Amino acid sequence: MESARKTGTYKAVITIFHIVAAIQFAYSVYYDFTFVVVPKDVSPIMSAFGGKFKFLTFWNAIMQSLYFTMCCIIDIFVTDPSQSKMAKLKDFFHSSLAFPVAMFVGVTFWGLYAVDRDLVLPKAMDPYFPTWLNHIMHTNIMFFTALELFLTYRKYPSRSKGLLALIVFQLTYISWMHYVHYKSGFWVYNVFNVLNLPQRAAFIVACVLLACTFYFIGEKINSIVWGHIEKQSSKHRKHK
């Protein structure tokens, strides 16, 4: 009985965690899209072709909103996640995209910010892009996706499928970023303005490899934290 109560309490805590995450990321997308309006003379790129959808940060916030909303639906309405197609999709989504992309966005943003904030978020943007919004989109995304990895079990996809999904996502965004430059004449991020062509190519390759590294880190952490469940499942399948 005590074990059942603990399980019920744990599930309730996880559900609340997912609801908080879903609300904050969905609200950040709504607020950014609706209320963050930057004059052209402050930052011309903000009103250039592509709107808010130019930015990987915005893509990622949408991704986190969708992921944690999916978690909420499963928590509340799905009685047996092991038999749910949505739960399997959730596992794949977090493993191949939500975790590595969130970590990539947070680490690269704050890394470049520490070197020279004008490369990613010029000080002139401060009156228009609130600090709390900046931290939800560039700090909380790392905290919540990492906490999710430790708090809930997921079955990782095969490495080939997981990495393929991540690389396709990255190549899609890279292509989109170059198309935005072609249409508007602006690079989405100022860091590309200070790099020549070979340096840009090297930077992009390094970014792709960094995101893939986060995939491996997530896979390793999941194995360490939840490996015992994988072993139990494997034994159960063998005895069937």
# chains A, B, ... in the order shown; residues from 1 in each chain; ligands from 1
call {"tool": "residues_around", "arguments": {"residues": "Pro100 of chain A", "least_positions_apart": "5", "cutoff": "6 Å", "atoms": "only C-alpha atoms", "output": "JSON, numbers by chain"}}
result
{"A": [211, 214, 215]}
call {"tool": "residues_around", "arguments": {"residues": "segment 163-171 of chain A", "least_positions_apart": "3", "cutoff": "9 Å", "atoms": "only C-alpha atoms", "output": "ChimeraX atom specification"}}
result
/A:96-97,100-101,158-160,174-176,208,211-212,215
call {"tool": "residues_around", "arguments": {"residues": "segment 126-138 of chain A", "least_positions_apart": "2", "cutoff": "6 Å", "atoms": "only C-alpha atoms", "output": "list in words"}}
result
Val36, Gly106, Lys123, Ala124, Asn140 and Ile141 of chain A
call {"tool": "write_last_selection", "arguments": {"atoms": "N, CA, C and O atoms", "output": "PDB file, in the first residue's frame"}}
result
ATOM      1  N   VAL A  36       6.671  40.747 -28.655  1.00  0.00           N
ATOM      2  CA  VAL A  36       8.051  41.188 -28.874  1.00  0.00           C
ATOM      3  C   VAL A  36       8.163  41.787 -30.276  1.00  0.00           C
ATOM      4  O   VAL A  36       8.258  41.069 -31.273  1.00  0.00           O
ATOM      5  N   GLY A 106      20.746  26.112 -25.768  1.00  0.00           N
ATOM      6  CA  GLY A 106      21.171  26.762 -24.527  1.00  0.00           C
ATOM      7  C   GLY A 106      22.678  26.941 -24.441  1.00  0.00           C
ATOM      8  O   GLY A 106      23.169  28.033 -24.117  1.00  0.00           O
ATOM      9  N   LYS A 123      22.711  44.265 -26.823  1.00  0.00           N
ATOM     10  CA  LYS A 123      22.154  44.971 -25.663  1.00  0.00           C
ATOM     11  C   LYS A 123      20.984  45.865 -26.063  1.00  0.00           C
ATOM     12  O   LYS A 123      20.071  46.098 -25.260  1.00  0.00           O
ATOM     13  N   ALA A 124      20.987  46.360 -27.311  1.00  0.00           N
ATOM     14  CA  ALA A 124      19.895  47.217 -27.780  1.00  0.00           C
ATOM     15  C   ALA A 124      18.552  46.493 -27.779  1.00  0.00           C
ATOM     16  O   ALA A 124      17.492  47.125 -27.820  1.00  0.00           O
ATOM     17  N   ASN A 140      15.837  27.789 -19.159  1.00  0.00           N
ATOM     18  CA  ASN A 140      14.872  26.795 -18.703  1.00  0.00           C
ATOM     19  C   ASN A 140      14.760  25.603 -19.641  1.00  0.00           C
ATOM     20  O   ASN A 140      14.488  24.483 -19.206  1.00  0.00           O
ATOM     21  N   ILE A 141      14.954  25.835 -20.919  1.00  0.00           N
ATOM     22  CA  ILE A 141      14.864  24.723 -21.877  1.00  0.00           C
ATOM     23  C   ILE A 141      15.890  23.651 -21.538  1.00  0.00           C
ATOM     24  O   ILE A 141      15.604  22.461 -21.668  1.00  0.00           O
TER      25      ILE A 141
END
call {"tool": "residues_around", "arguments": {"residues": "Ser84 of chain A", "least_positions_apart": "6", "cutoff": "12 Å", "atoms": "only C-alpha atoms", "output": "PyMOL selection string"}}
result
chain A and resi 70-71+73-75+77-78+90-91
call {"tool": "write_last_selection", "arguments": {"atoms": "C-alpha atoms", "output": "PDB file, in the first residue's frame"}}
result
ATOM      1  CA  MET A  70       2.211  15.463 -25.321  1.00  0.00           C
ATOM      2  CA  CYS A  71       3.527  14.407 -21.907  1.00  0.00           C
ATOM      3  CA  ILE A  73      -1.932  14.182 -22.486  1.00  0.00           C
ATOM      4  CA  ILE A  74      -0.219  10.854 -21.786  1.00  0.00           C
ATOM      5  CA  ASP A  75      -0.061  11.518 -18.023  1.00  0.00           C
ATOM      6  CA  PHE A  77      -5.440  10.168 -20.433  1.00  0.00           C
ATOM      7  CA  VAL A  78      -3.202   7.155 -21.151  1.00  0.00           C
ATOM      8  CA  LYS A  90       7.090  10.969 -27.191  1.00  0.00           C
ATOM      9  CA  ASP A  91      10.114   8.815 -26.399  1.00  0.00           C
TER      10      ASP A  91
END
call {"tool": "select_by_dssp", "arguments": {"residues": "segment 12-198 of chain A", "states": "alpha helix (DSSP H)", "output": "ChimeraX atom specification"}}
result
/A:12-35,56-77,85-93,99-115,131-135,141-151,159-184,197-198
call {"tool": "atom_distance", "arguments": {"atom1": "atom CA of Lys52 of chain A", "atom2": "atom CA of Phe33 of chain A"}}
result
6.6 Å
call {"tool": "atom_distance", "arguments": {"atom1": "atom CA of Ser65 of chain A", "atom2": "atom CA of Tyr27 of chain A"}}
result
8.7 Å
call {"tool": "closest_residue", "arguments": {"among": "A:Val225, A:Ile62, A:Val120, A:Ala146", "to": "Tyr30 of chain A", "atoms": "only C-alpha atoms"}}
result
A:Ile62
call {"tool": "closest_residue", "arguments": {"among": "A:Val13, A:Ala201, A:Met63, A:Ala114", "to": "His178 of chain A", "atoms": "only C-alpha atoms"}}
result
A:Ala201
call {"tool": "closest_residue", "arguments": {"among": "A:Tyr153, A:Tyr10, A:Phe25, A:Tyr113", "to": "Ala61 of chain A", "atoms": "only C-alpha atoms"}}
result
A:Phe25
call {"tool": "closest_residue", "arguments": {"among": "A:Val38, A:Cys207, A:Ile14, A:Ala22", "to": "Thr152 of chain A", "atoms": "only C-alpha atoms"}}
result
A:Ile14
call {"tool": "decode", "arguments": {"residues": "segment 153-183 of chain A", "atoms": "N, CA, C and O atoms", "output": "PDB file, in the first residue's frame"}}
result
ATOM      1  N   TYR A 153      11.302   7.634 -17.532  1.00  0.00           N
ATOM      2  CA  TYR A 153      11.936   6.633 -18.387  1.00  0.00           C
ATOM      3  C   TYR A 153      11.489   6.803 -19.833  1.00  0.00           C
ATOM      4  O   TYR A 153      10.342   7.146 -20.110  1.00  0.00           O
ATOM      5  N   ARG A 154      12.409   6.591 -20.754  1.00  0.00           N
ATOM      6  CA  ARG A 154      12.065   6.541 -22.164  1.00  0.00           C
ATOM      7  C   ARG A 154      12.890   5.450 -22.832  1.00  0.00           C
ATOM      8  O   ARG A 154      14.021   5.198 -22.426  1.00  0.00           O
ATOM      9  N   LYS A 155      12.304   4.824 -23.822  1.00  0.00           N
ATOM     10  CA  LYS A 155      13.034   3.837 -24.601  1.00  0.00           C
ATOM     11  C   LYS A 155      13.682   4.553 -25.772  1.00  0.00           C
ATOM     12  O   LYS A 155      12.992   5.127 -26.620  1.00  0.00           O
ATOM     13  N   TYR A 156      15.005   4.550 -25.809  1.00  0.00           N
ATOM     14  CA  TYR A 156      15.719   5.232 -26.887  1.00  0.00           C
ATOM     15  C   TYR A 156      15.538   4.470 -28.197  1.00  0.00           C
ATOM     16  O   TYR A 156      15.480   3.228 -28.199  1.00  0.00           O
ATOM     17  N   PRO A 157      15.455   5.198 -29.310  1.00  0.00           N
ATOM     18  CA  PRO A 157      15.373   4.531 -30.615  1.00  0.00           C
ATOM     19  C   PRO A 157      16.727   3.934 -30.977  1.00  0.00           C
ATOM     20  O   PRO A 157      17.719   4.157 -30.275  1.00  0.00           O
ATOM     21  N   SER A 158      16.786   3.208 -32.069  1.00  0.00           N
ATOM     22  CA  SER A 158      18.088   2.764 -32.550  1.00  0.00           C
ATOM     23  C   SER A 158      18.909   4.005 -32.861  1.00  0.00           C
ATOM     24  O   SER A 158      18.367   5.041 -33.261  1.00  0.00           O
ATOM     25  N   ARG A 159      20.193   3.908 -32.657  1.00  0.00           N
ATOM     26  CA  ARG A 159      21.059   5.076 -32.839  1.00  0.00           C
ATOM     27  C   ARG A 159      20.966   5.638 -34.255  1.00  0.00           C
ATOM     28  O   ARG A 159      20.984   6.858 -34.464  1.00  0.00           O
ATOM     29  N   SER A 160      20.855   4.764 -35.236  1.00  0.00           N
ATOM     30  CA  SER A 160      20.791   5.222 -36.626  1.00  0.00           C
ATOM     31  C   SER A 160      19.534   6.056 -36.866  1.00  0.00           C
ATOM     32  O   SER A 160      19.586   7.112 -37.505  1.00  0.00           O
ATOM     33  N   LYS A 161      18.385   5.617 -36.332  1.00  0.00           N
ATOM     34  CA  LYS A 161      17.139   6.365 -36.516  1.00  0.00           C
ATOM     35  C   LYS A 161      17.149   7.677 -35.736  1.00  0.00           C
ATOM     36  O   LYS A 161      16.707   8.713 -36.239  1.00  0.00           O
ATOM     37  N   GLY A 162      17.653   7.629 -34.503  1.00  0.00           N
ATOM     38  CA  GLY A 162      17.683   8.832 -33.678  1.00  0.00           C
ATOM     39  C   GLY A 162      18.583   9.904 -34.265  1.00  0.00           C
ATOM     40  O   GLY A 162      18.198  11.074 -34.368  1.00  0.00           O
ATOM     41  N   LEU A 163      19.787   9.510 -34.654  1.00  0.00           N
ATOM     42  CA  LEU A 163      20.728  10.474 -35.233  1.00  0.00           C
ATOM     43  C   LEU A 163      20.248  10.978 -36.584  1.00  0.00           C
ATOM     44  O   LEU A 163      20.443  12.149 -36.929  1.00  0.00           O
ATOM     45  N   LEU A 164      19.623  10.095 -37.366  1.00  0.00           N
ATOM     46  CA  LEU A 164      19.107  10.519 -38.672  1.00  0.00           C
ATOM     47  C   LEU A 164      18.065  11.613 -38.505  1.00  0.00           C
ATOM     48  O   LEU A 164      18.088  12.629 -39.216  1.00  0.00           O
ATOM     49  N   ALA A 165      17.155  11.424 -37.549  1.00  0.00           N
ATOM     50  CA  ALA A 165      16.125  12.437 -37.302  1.00  0.00           C
ATOM     51  C   ALA A 165      16.751  13.763 -36.888  1.00  0.00           C
ATOM     52  O   ALA A 165      16.344  14.834 -37.357  1.00  0.00           O
ATOM     53  N   LEU A 166      17.750  13.699 -36.018  1.00  0.00           N
ATOM     54  CA  LEU A 166      18.418  14.914 -35.545  1.00  0.00           C
ATOM     55  C   LEU A 166      19.152  15.616 -36.680  1.00  0.00           C
ATOM     56  O   LEU A 166      19.049  16.846 -36.840  1.00  0.00           O
ATOM     57  N   ILE A 167      19.875  14.859 -37.489  1.00  0.00           N
ATOM     58  CA  ILE A 167      20.648  15.456 -38.588  1.00  0.00           C
ATOM     59  C   ILE A 167      19.718  16.041 -39.649  1.00  0.00           C
ATOM     60  O   ILE A 167      19.984  17.131 -40.184  1.00  0.00           O
ATOM     61  N   VAL A 168      18.620  15.352 -39.951  1.00  0.00           N
ATOM     62  CA  VAL A 168      17.648  15.894 -40.909  1.00  0.00           C
ATOM     63  C   VAL A 168      17.081  17.206 -40.393  1.00  0.00           C
ATOM     64  O   VAL A 168      16.934  18.186 -41.139  1.00  0.00           O
ATOM     65  N   PHE A 169      16.764  17.254 -39.103  1.00  0.00           N
ATOM     66  CA  PHE A 169      16.260  18.489 -38.496  1.00  0.00           C
ATOM     67  C   PHE A 169      17.291  19.611 -38.636  1.00  0.00           C
ATOM     68  O   PHE A 169      16.957  20.743 -39.024  1.00  0.00           O
ATOM     69  N   GLN A 170      18.543  19.307 -38.324  1.00  0.00           N
ATOM     70  CA  GLN A 170      19.592  20.328 -38.399  1.00  0.00           C
ATOM     71  C   GLN A 170      19.791  20.824 -39.828  1.00  0.00           C
ATOM     72  O   GLN A 170      19.904  22.034 -40.064  1.00  0.00           O
ATOM     73  N   LEU A 171      19.831  19.911 -40.786  1.00  0.00           N
ATOM     74  CA  LEU A 171      20.024  20.298 -42.182  1.00  0.00           C
ATOM     75  C   LEU A 171      18.845  21.115 -42.687  1.00  0.00           C
ATOM     76  O   LEU A 171      19.016  22.035 -43.497  1.00  0.00           O
ATOM     77  N   THR A 172      17.646  20.793 -42.192  1.00  0.00           N
ATOM     78  CA  THR A 172      16.458  21.569 -42.568  1.00  0.00           C
ATOM     79  C   THR A 172      16.588  23.003 -42.080  1.00  0.00           C
ATOM     80  O   THR A 172      16.333  23.961 -42.833  1.00  0.00           O
ATOM     81  N   TYR A 173      17.002  23.165 -40.818  1.00  0.00           N
ATOM     82  CA  TYR A 173      17.141  24.529 -40.292  1.00  0.00           C
ATOM     83  C   TYR A 173      18.283  25.278 -40.981  1.00  0.00           C
ATOM     84  O   TYR A 173      18.151  26.466 -41.294  1.00  0.00           O
ATOM     85  N   ILE A 174      19.396  24.608 -41.226  1.00  0.00           N
ATOM     86  CA  ILE A 174      20.535  25.248 -41.899  1.00  0.00           C
ATOM     87  C   ILE A 174      20.127  25.729 -43.288  1.00  0.00           C
ATOM     88  O   ILE A 174      20.465  26.842 -43.708  1.00  0.00           O
ATOM     89  N   SER A 175      19.376  24.896 -44.009  1.00  0.00           N
ATOM     90  CA  SER A 175      18.891  25.278 -45.345  1.00  0.00           C
ATOM     91  C   SER A 175      17.952  26.476 -45.249  1.00  0.00           C
ATOM     92  O   SER A 175      18.035  27.417 -46.049  1.00  0.00           O
ATOM     93  N   TRP A 176      17.073  26.445 -44.263  1.00  0.00           N
ATOM     94  CA  TRP A 176      16.130  27.551 -44.047  1.00  0.00           C
ATOM     95  C   TRP A 176      16.884  28.837 -43.713  1.00  0.00           C
ATOM     96  O   TRP A 176      16.556  29.915 -44.221  1.00  0.00           O
ATOM     97  N   MET A 177      17.908  28.749 -42.879  1.00  0.00           N
ATOM     98  CA  MET A 177      18.694  29.918 -42.494  1.00  0.00           C
ATOM     99  C   MET A 177      19.358  30.546 -43.715  1.00  0.00           C
ATOM    100  O   MET A 177      19.390  31.777 -43.870  1.00  0.00           O
ATOM    101  N   HIS A 178      19.876  29.713 -44.602  1.00  0.00           N
ATOM    102  CA  HIS A 178      20.503  30.230 -45.818  1.00  0.00           C
ATOM    103  C   HIS A 178      19.463  30.823 -46.775  1.00  0.00           C
ATOM    104  O   HIS A 178      19.739  31.809 -47.475  1.00  0.00           O
ATOM    105  N   TYR A 179      18.278  30.235 -46.796  1.00  0.00           N
ATOM    106  CA  TYR A 179      17.211  30.787 -47.638  1.00  0.00           C
ATOM    107  C   TYR A 179      16.779  32.156 -47.118  1.00  0.00           C
ATOM    108  O   TYR A 179      16.522  33.080 -47.903  1.00  0.00           O
ATOM    109  N   VAL A 180      16.705  32.295 -45.808  1.00  0.00           N
ATOM    110  CA  VAL A 180      16.379  33.597 -45.207  1.00  0.00           C
ATOM    111  C   VAL A 180      17.420  34.633 -45.610  1.00  0.00           C
ATOM    112  O   VAL A 180      17.086  35.768 -45.959  1.00  0.00           O
ATOM    113  N   HIS A 181      18.695  34.231 -45.584  1.00  0.00           N
ATOM    114  CA  HIS A 181      19.768  35.141 -46.003  1.00  0.00           C
ATOM    115  C   HIS A 181      19.622  35.519 -47.472  1.00  0.00           C
ATOM    116  O   HIS A 181      19.813  36.683 -47.860  1.00  0.00           O
ATOM    117  N   TYR A 182      19.269  34.540 -48.290  1.00  0.00           N
ATOM    118  CA  TYR A 182      19.078  34.785 -49.725  1.00  0.00           C
ATOM    119  C   TYR A 182      17.941  35.775 -49.967  1.00  0.00           C
ATOM    120  O   TYR A 182      18.044  36.678 -50.806  1.00  0.00           O
ATOM    121  N   LYS A 183      16.841  35.623 -49.216  1.00  0.00           N
ATOM    122  CA  LYS A 183      15.662  36.465 -49.429  1.00  0.00           C
ATOM    123  C   LYS A 183      15.805  37.851 -48.812  1.00  0.00           C
ATOM    124  O   LYS A 183      15.277  38.833 -49.346  1.00  0.00           O
TER     125      LYS A 183
END
